[in-house]
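Novice: Data: protein-v8.cif, mmCIF, C-alpha atoms.
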data_final
loop_
_atom_site.label_atom_id
_atom_site.label_comp_id
_atom_site.auth_asym_id
_atom_site.auth_seq_id
_atom_site.Cartn_x
_atom_site.Cartn_y
_atom_site.Cartn_z
CA MET D 1 52.78 -12.43 23.44
CA LYS D 2 51.89 -8.72 23.28
CA LYS D 3 51.94 -8.84 19.48
CA LEU D 4 49.62 -11.83 19.52
CA LYS D 5 47.17 -10.05 21.85
CA ARG D 6 47.25 -6.95 19.65
CA LEU D 7 46.66 -9.05 16.53
CA ALA D 8 43.74 -10.82 18.24
CA ALA D 9 42.28 -7.46 19.32
CA VAL D 10 42.58 -6.05 15.80
CA LEU D 11 40.96 -9.17 14.31
CA LEU D 12 38.17 -9.06 16.87
CA ALA D 13 37.55 -5.35 16.16
CA GLY D 14 37.40 -6.11 12.42
CA ILE D 15 34.90 -8.91 12.94
CA MET D 16 32.75 -6.67 15.13
CA ALA D 17 32.81 -3.90 12.51
CA LEU D 18 31.73 -6.35 9.80
CA ALA D 19 28.90 -7.59 12.00
CA LEU D 20 27.80 -4.00 12.58
CA PHE D 21 27.75 -3.23 8.85
CA THR D 22 25.85 -6.43 8.14
CA ALA D 23 23.18 -5.49 10.68
CA CYS D 24 22.79 -2.06 9.10
CA SER D 25 22.31 -3.22 5.54
CA ASP D 26 19.42 -1.96 3.42
CA SER D 27 17.92 -5.41 2.98
CA ASP D 28 14.64 -5.71 4.87
CA PRO D 29 13.02 -9.13 4.81
CA GLY D 30 9.74 -7.54 5.89
CA ASN D 31 7.07 -9.56 7.61
CA PRO D 32 5.18 -11.66 5.03
CA GLU D 33 2.88 -13.24 7.62
CA PHE D 34 1.76 -9.88 8.99
CA ASP D 35 1.52 -8.39 5.47
CA ALA D 36 -0.93 -11.17 4.56
CA LYS D 37 -3.06 -10.45 7.66
CA VAL D 38 -3.22 -6.73 6.83
CA GLU D 39 -4.13 -7.51 3.21
CA SER D 40 -6.86 -9.89 4.35
CA ALA D 41 -8.42 -7.29 6.69
CA TYR D 42 -8.51 -4.69 3.93
CA GLN D 43 -9.78 -7.16 1.34
CA GLU D 44 -12.71 -8.02 3.61
CA ALA D 45 -13.46 -4.32 4.14
CA LEU D 46 -13.40 -3.75 0.36
CA LYS D 47 -15.75 -6.69 -0.26
CA THR D 48 -18.21 -5.37 2.30
CA LYS D 49 -18.11 -1.75 1.09
CA PHE D 50 -18.18 -2.61 -2.62
CA GLU D 51 -20.73 -5.45 -2.55
CA LYS D 52 -23.28 -3.43 -4.59
CA GLU D 53 -20.68 -2.47 -7.20
CA LEU D 54 -19.25 -5.97 -7.60
CA GLU D 55 -20.87 -7.82 -10.45
CA ASN D 56 -18.42 -10.64 -11.15
CA GLY D 57 -16.29 -13.12 -9.23
CA GLU D 58 -13.03 -11.52 -10.39
CA ALA D 59 -13.66 -8.33 -8.41
CA VAL D 60 -14.01 -10.24 -5.13
CA THR D 61 -10.48 -11.67 -5.17
CA ASN D 62 -7.28 -9.76 -4.48
CA ASP D 63 -6.24 -8.93 -8.05
CA ALA D 64 -2.55 -9.72 -8.64
CA ASP D 65 -1.93 -6.73 -10.94
CA ILE D 66 -3.46 -4.28 -8.48
CA LYS D 67 -1.48 -5.86 -5.64
CA ARG D 68 1.75 -5.46 -7.66
CA LEU D 69 0.95 -1.81 -8.40
CA ALA D 70 0.08 -1.22 -4.73
CA ILE D 71 3.38 -2.65 -3.50
CA GLU D 72 5.33 -0.58 -6.05
CA HIS D 73 3.54 2.52 -4.79
CA ILE D 74 4.30 1.65 -1.17
CA GLU D 75 7.99 1.19 -2.01
CA GLU D 76 8.05 4.62 -3.68
CA LYS D 77 6.19 6.61 -1.00
CA HIS D 78 6.65 4.86 2.38
CA GLY D 79 8.02 6.90 5.24
CA ALA D 80 7.24 10.28 3.67
CA ASP D 81 6.82 13.12 6.14
CA SER D 82 3.97 14.54 4.10
CA LEU D 83 1.92 13.51 1.07
CA THR D 84 -0.19 15.64 -1.23
CA GLY D 85 -3.49 14.34 -2.59
CA GLU D 86 -1.81 13.57 -5.92
CA MET D 87 0.98 11.63 -4.22
CA LEU D 88 -1.56 9.26 -2.65
CA TRP D 89 -2.47 7.80 -6.05
CA LYS D 90 -0.68 5.73 -8.69
CA THR D 91 -2.28 4.84 -12.04
CA ASP D 92 -1.57 2.05 -14.52
CA GLY D 93 -3.26 0.90 -17.73
CA ASP D 94 -3.87 2.31 -21.19
CA GLY D 95 -6.59 4.74 -20.05
CA LYS D 96 -8.85 3.79 -22.96
CA THR D 97 -9.92 0.21 -22.37
CA MET D 98 -8.76 -0.29 -18.80
CA VAL D 99 -7.27 1.66 -15.91
CA ARG D 100 -5.96 0.58 -12.51
CA GLN D 101 -5.57 3.02 -9.66
CA VAL D 102 -4.16 2.43 -6.21
CA MET D 103 -4.25 4.71 -3.21
CA LEU D 104 -1.66 4.62 -0.46
CA CYS D 105 -3.62 4.35 2.79
CA TRP D 106 -3.17 7.52 4.80
CA GLU D 107 -4.03 9.36 7.94
CA LEU D 108 -4.06 13.07 8.70
CA LYS D 109 -0.90 14.59 10.14
CA LYS D 110 -1.32 14.55 13.89
CA ASP D 111 0.40 17.88 14.57
CA THR D 112 -1.58 20.03 12.12
CA GLY D 113 -4.56 17.94 11.08
CA LYS D 114 -3.82 19.08 7.52
CA GLY D 115 -1.98 17.04 4.96
CA TYR D 116 -1.46 13.31 4.83
CA VAL D 117 1.11 10.82 6.05
CA PRO D 118 1.32 7.14 5.13
CA LEU D 119 -0.71 4.89 7.43
CA PHE D 120 1.20 1.95 8.87
CA TYR D 121 0.80 -0.93 11.30
CA GLU D 122 3.42 -2.46 13.56
CA ALA D 123 3.13 -6.19 14.17
CA ALA D 124 4.46 -5.96 17.73
CA LYS D 125 1.97 -3.22 18.68
CA THR D 126 -1.12 -4.28 16.73
CA ALA D 127 -3.30 -6.87 18.45
CA ALA D 128 -6.19 -6.76 15.97
CA ILE D 129 -5.97 -5.39 12.45
CA LYS D 130 -8.85 -3.16 11.46
CA ALA D 131 -9.04 -1.59 8.02
CA ASN D 132 -9.13 2.20 8.02
CA SER D 133 -12.74 2.89 7.01
CA THR D 134 -11.96 6.44 5.87
CA ASN D 135 -9.58 5.08 3.24
CA VAL D 136 -12.05 2.42 2.06
CA ARG D 137 -14.83 5.03 1.73
CA ALA D 138 -12.47 7.34 -0.19
CA LEU D 139 -11.73 4.53 -2.64
CA LEU D 140 -15.45 3.81 -3.13
CA ARG D 141 -16.15 7.52 -3.67
CA THR D 142 -13.38 7.70 -6.29
CA VAL D 143 -14.73 4.65 -8.15
CA ASN D 144 -18.24 6.12 -8.20
CA GLU D 145 -16.95 9.52 -9.38
CA GLU D 146 -14.90 7.93 -12.18
CA ILE D 147 -17.91 5.92 -13.38
CA ALA D 148 -20.25 8.96 -13.19
CA ASN D 149 -17.83 11.27 -15.02
CA ALA D 150 -17.32 8.71 -17.78
CA LYS D 151 -21.07 8.26 -18.11
CA LYS D 152 -21.46 12.02 -18.72
CA ASN D 153 -19.16 11.56 -21.71
CA GLY D 154 -21.04 8.54 -23.06
CA ILE D 155 -18.53 6.00 -21.74
CA THR D 156 -19.58 2.97 -19.71
CA LEU D 157 -17.06 1.86 -17.10
CA GLU D 158 -17.39 -1.32 -15.09
CA LEU D 159 -15.59 -2.14 -11.87
CA THR D 160 -13.73 -5.33 -12.76
CA ALA D 161 -11.28 -5.85 -9.89
CA LEU D 162 -10.22 -4.77 -6.43
CA GLY D 163 -6.88 -5.29 -4.80
CA VAL D 164 -4.74 -4.72 -1.75
CA GLY D 165 -1.01 -4.70 -1.26
CA ALA D 166 0.85 -4.54 2.05
CA LYS D 167 4.59 -4.37 2.62
CA THR D 168 6.65 -4.18 5.78
CA ILE D 169 9.59 -1.81 5.53
CA GLY D 170 11.69 -0.96 8.58
CA GLY D 171 9.24 -2.67 10.94
CA LYS D 172 6.26 -0.66 9.62
CA THR D 173 3.61 -2.31 7.46
CA TYR D 174 2.17 0.05 4.86
CA VAL D 175 -0.94 -0.71 2.81
CA ALA D 176 -2.36 0.48 -0.51
CA ILE D 177 -5.79 -0.35 -1.92
CA GLY D 178 -7.02 -0.10 -5.47
CA PHE D 179 -9.44 -0.88 -8.25
CA GLU D 180 -9.64 -1.64 -11.94
CA LEU D 181 -12.20 -0.08 -14.27
CA THR D 182 -12.83 -1.47 -17.74
CA ASN D 183 -14.44 0.42 -20.60
CA THR D 184 -17.46 -1.62 -21.76
CA THR D 185 -18.82 1.00 -24.16
CA PRO D 186 -20.08 -0.78 -27.31
#
Can you give me the file's structure in the form of structure tokens?
Specialist:
Amino acid sequence: MKKLKRLAAVLLAGIMALALFTACSDSDPGNPEFDAKVESAYQEALKTKFEKELENGEAVTNDADIKRLAIEHIEEKHGADSLTGEMLWKTDGDGKTMVRQVMLCWELKKDTGKGYVPLFYEAAKTAAIKANSTNVRALLRTVNEEIANAKKNGITLELTALGVGAKTIGGKTYVAIGFELTNTTP
């Protein structure tokens, strides 16, 4: 009887250990419903802020390529203790006919006020999602600077798309916003 109890205890301990390892796995299903709400809030903020720059219907929708690039950038940089200005951005495209850039949404480090950390939302703690206006303005400023700098060099760039990507990792929903510029120089 003692051997049977010991065997049962060992089996039970093994099952509990397996359950513990399963709970600690790296797979994170995220929160697709909350991700979509965050994306929607930022997409509306982009539409409002960029309404003068938007000239075609494509730019109003959440561009799939920009969203993909944004999510890749989130996966690479989420949870960082500190980000430099260069680390906020990720670029894609050939650089001659078209370029896409995404910016990881950020906030200033609370302890020093200098440097950046990734901005995130938590579904359980966020009643209403409001896009960070500082980040949206920074994106608009970057678009305008890129267009103005190209114009100085005789290149005409047109804003052709906007996009947002959000991804929940470890209970925190990160967001990145971006744009696409196309060279329309004849």
Novice: Every residue with an atom at most 12 Å from (3.2, 6.3, 1.7) (file coordinates; all atoms listed in the file) is what I'm after, so could you write them as a PDB file with C-alpha atoms, in the coordinates of the input?
Specialist:
ATOM      1  CA  ALA D  70       0.080  -1.220  -4.730  1.00  0.00           C
ATOM      2  CA  ILE D  71       3.380  -2.650  -3.500  1.00  0.00           C
ATOM      3  CA  GLU D  72       5.330  -0.580  -6.050  1.00  0.00           C
ATOM      4  CA  HIS D  73       3.540   2.520  -4.790  1.00  0.00           C
ATOM      5  CA  ILE D  74       4.300   1.650  -1.170  1.00  0.00           C
ATOM      6  CA  GLU D  75       7.990   1.190  -2.010  1.00  0.00           C
ATOM      7  CA  GLU D  76       8.050   4.620  -3.680  1.00  0.00           C
ATOM      8  CA  LYS D  77       6.190   6.610  -1.000  1.00  0.00           C
ATOM      9  CA  HIS D  78       6.650   4.860   2.380  1.00  0.00           C
ATOM     10  CA  GLY D  79       8.020   6.900   5.240  1.00  0.00           C
ATOM     11  CA  ALA D  80       7.240  10.280   3.670  1.00  0.00           C
ATOM     12  CA  ASP D  81       6.820  13.120   6.140  1.00  0.00           C
ATOM     13  CA  SER D  82       3.970  14.540   4.100  1.00  0.00           C
ATOM     14  CA  LEU D  83       1.920  13.510   1.070  1.00  0.00           C
ATOM     15  CA  THR D  84      -0.190  15.640  -1.230  1.00  0.00           C
ATOM     16  CA  GLY D  85      -3.490  14.340  -2.590  1.00  0.00           C
ATOM     17  CA  GLU D  86      -1.810  13.570  -5.920  1.00  0.00           C
ATOM     18  CA  MET D  87       0.980  11.630  -4.220  1.00  0.00           C
ATOM     19  CA  LEU D  88      -1.560   9.260  -2.650  1.00  0.00           C
ATOM     20  CA  TRP D  89      -2.470   7.800  -6.050  1.00  0.00           C
ATOM     21  CA  LYS D  90      -0.680   5.730  -8.690  1.00  0.00           C
ATOM     22  CA  VAL D 102      -4.160   2.430  -6.210  1.00  0.00           C
ATOM     23  CA  MET D 103      -4.250   4.710  -3.210  1.00  0.00           C
ATOM     24  CA  LEU D 104      -1.660   4.620  -0.460  1.00  0.00           C
ATOM     25  CA  CYS D 105      -3.620   4.350   2.790  1.00  0.00           C
ATOM     26  CA  TRP D 106      -3.170   7.520   4.800  1.00  0.00           C
ATOM     27  CA  GLU D 107      -4.030   9.360   7.940  1.00  0.00           C
ATOM     28  CA  TYR D 116      -1.460  13.310   4.830  1.00  0.00           C
ATOM     29  CA  VAL D 117       1.110  10.820   6.050  1.00  0.00           C
ATOM     30  CA  PRO D 118       1.320   7.140   5.130  1.00  0.00           C
ATOM     31  CA  LEU D 119      -0.710   4.890   7.430  1.00  0.00           C
ATOM     32  CA  PHE D 120       1.200   1.950   8.870  1.00  0.00           C
ATOM     33  CA  ALA D 166       0.850  -4.540   2.050  1.00  0.00           C
ATOM     34  CA  LYS D 167       4.590  -4.370   2.620  1.00  0.00           C
ATOM     35  CA  THR D 168       6.650  -4.180   5.780  1.00  0.00           C
ATOM     36  CA  ILE D 169       9.590  -1.810   5.530  1.00  0.00           C
ATOM     37  CA  LYS D 172       6.260  -0.660   9.620  1.00  0.00           C
ATOM     38  CA  THR D 173       3.610  -2.310   7.460  1.00  0.00           C
ATOM     39  CA  TYR D 174       2.170   0.050   4.860  1.00  0.00           C
ATOM     40  CA  VAL D 175      -0.940  -0.710   2.810  1.00  0.00           C
ATOM     41  CA  ALA D 176      -2.360   0.480  -0.510  1.00  0.00           C
ATOM     42  CA  ILE D 177      -5.790  -0.350  -1.920  1.00  0.00           C
TER      43      ILE D 177
END
Novice: Rank D:Glu39, D:Glu180, D:Glu51, D:Asp92 by their smallest atom-to-atom distance to Thr160 in chain D, using only C-alpha atoms, and report the top residue only.
Specialist: D:Glu180
Novice: Counting only C-alpha atoms, write as a PyMOL selection string all protein and nucleic acid residues lying at most 12 Å from (-12.4, -7.6, 3.6) in the file's frame.
Specialist: chain D and resi 37-51+60-62+129-133+136+162-164+177
Novice: For Thr184 in chain D, which of D:Lys152, D:Ala138, D:Ala127, D:Lys96 is the closest residue, counting all atoms listed in the file?
Specialist: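 For Thr184 in chain D, the nearest of the given residues is D:Lys96.
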Novice: Using CA of Gly95 in chain D and CA of Lys52 in chain D as the two end points, give the distance in Å to one decimal.
Specialist: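 Here the two named atoms are 24.2 Å from each other.
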Novice: Starting from the PyMOL selection byres ((chain D and resi 183) around 9), expand the selection into actual residues of this file and give them as a PDB file with C-alpha atoms, in the frame of the given file.
Specialist:
ATOM      1  CA  GLY D  95      -6.590   4.740 -20.050  1.00  0.00           C
ATOM      2  CA  LYS D  96      -8.850   3.790 -22.960  1.00  0.00           C
ATOM      3  CA  THR D  97      -9.920   0.210 -22.370  1.00  0.00           C
ATOM      4  CA  MET D  98      -8.760  -0.290 -18.800  1.00  0.00           C
ATOM      5  CA  VAL D  99      -7.270   1.660 -15.910  1.00  0.00           C
ATOM      6  CA  ILE D 155     -18.530   6.000 -21.740  1.00  0.00           C
ATOM      7  CA  THR D 156     -19.580   2.970 -19.710  1.00  0.00           C
ATOM      8  CA  LEU D 157     -17.060   1.860 -17.100  1.00  0.00           C
ATOM      9  CA  GLU D 158     -17.390  -1.320 -15.090  1.00  0.00           C
ATOM     10  CA  LEU D 181     -12.200  -0.080 -14.270  1.00  0.00           C
ATOM     11  CA  THR D 182     -12.830  -1.470 -17.740  1.00  0.00           C
ATOM     12  CA  THR D 184     -17.460  -1.620 -21.760  1.00  0.00           C
ATOM     13  CA  THR D 185     -18.820   1.000 -24.160  1.00  0.00           C
ATOM     14  CA  PRO D 186     -20.080  -0.780 -27.310  1.00  0.00           C
TER      15      PRO D 186
END
Novice: Do you have the CA of Leu159 in chain D-CA of Gly93 in chain D distance handy?
Specialist: 14.0 Å
Novice: Just give me the gap between CA of Asn31 in chain D and CA of Gly165 in chain D in Å, one decimal is fine.
Specialist: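 CA of Gly165 in chain D lies 12.9 Å from CA of Asn31 in chain D.
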Novice: Hey, which of D:Arg137, D:Ala124, D:Pro32, D:Arg100 ends up closest to Asp65 in chain D? Count all atoms listed in the file.
Specialist: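 Of D:Arg137, D:Ala124, D:Pro32, D:Arg100, the one nearest Asp65 in chain D, counting all atoms listed in the file, is D:Arg100.
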Novice: For Glu122 in chain D, which residue out of D:Leu139, D:Gly170, D:Lys109, D:Ile66 is the nearest one, using all atoms listed in the file?
Specialist: D:Gly170
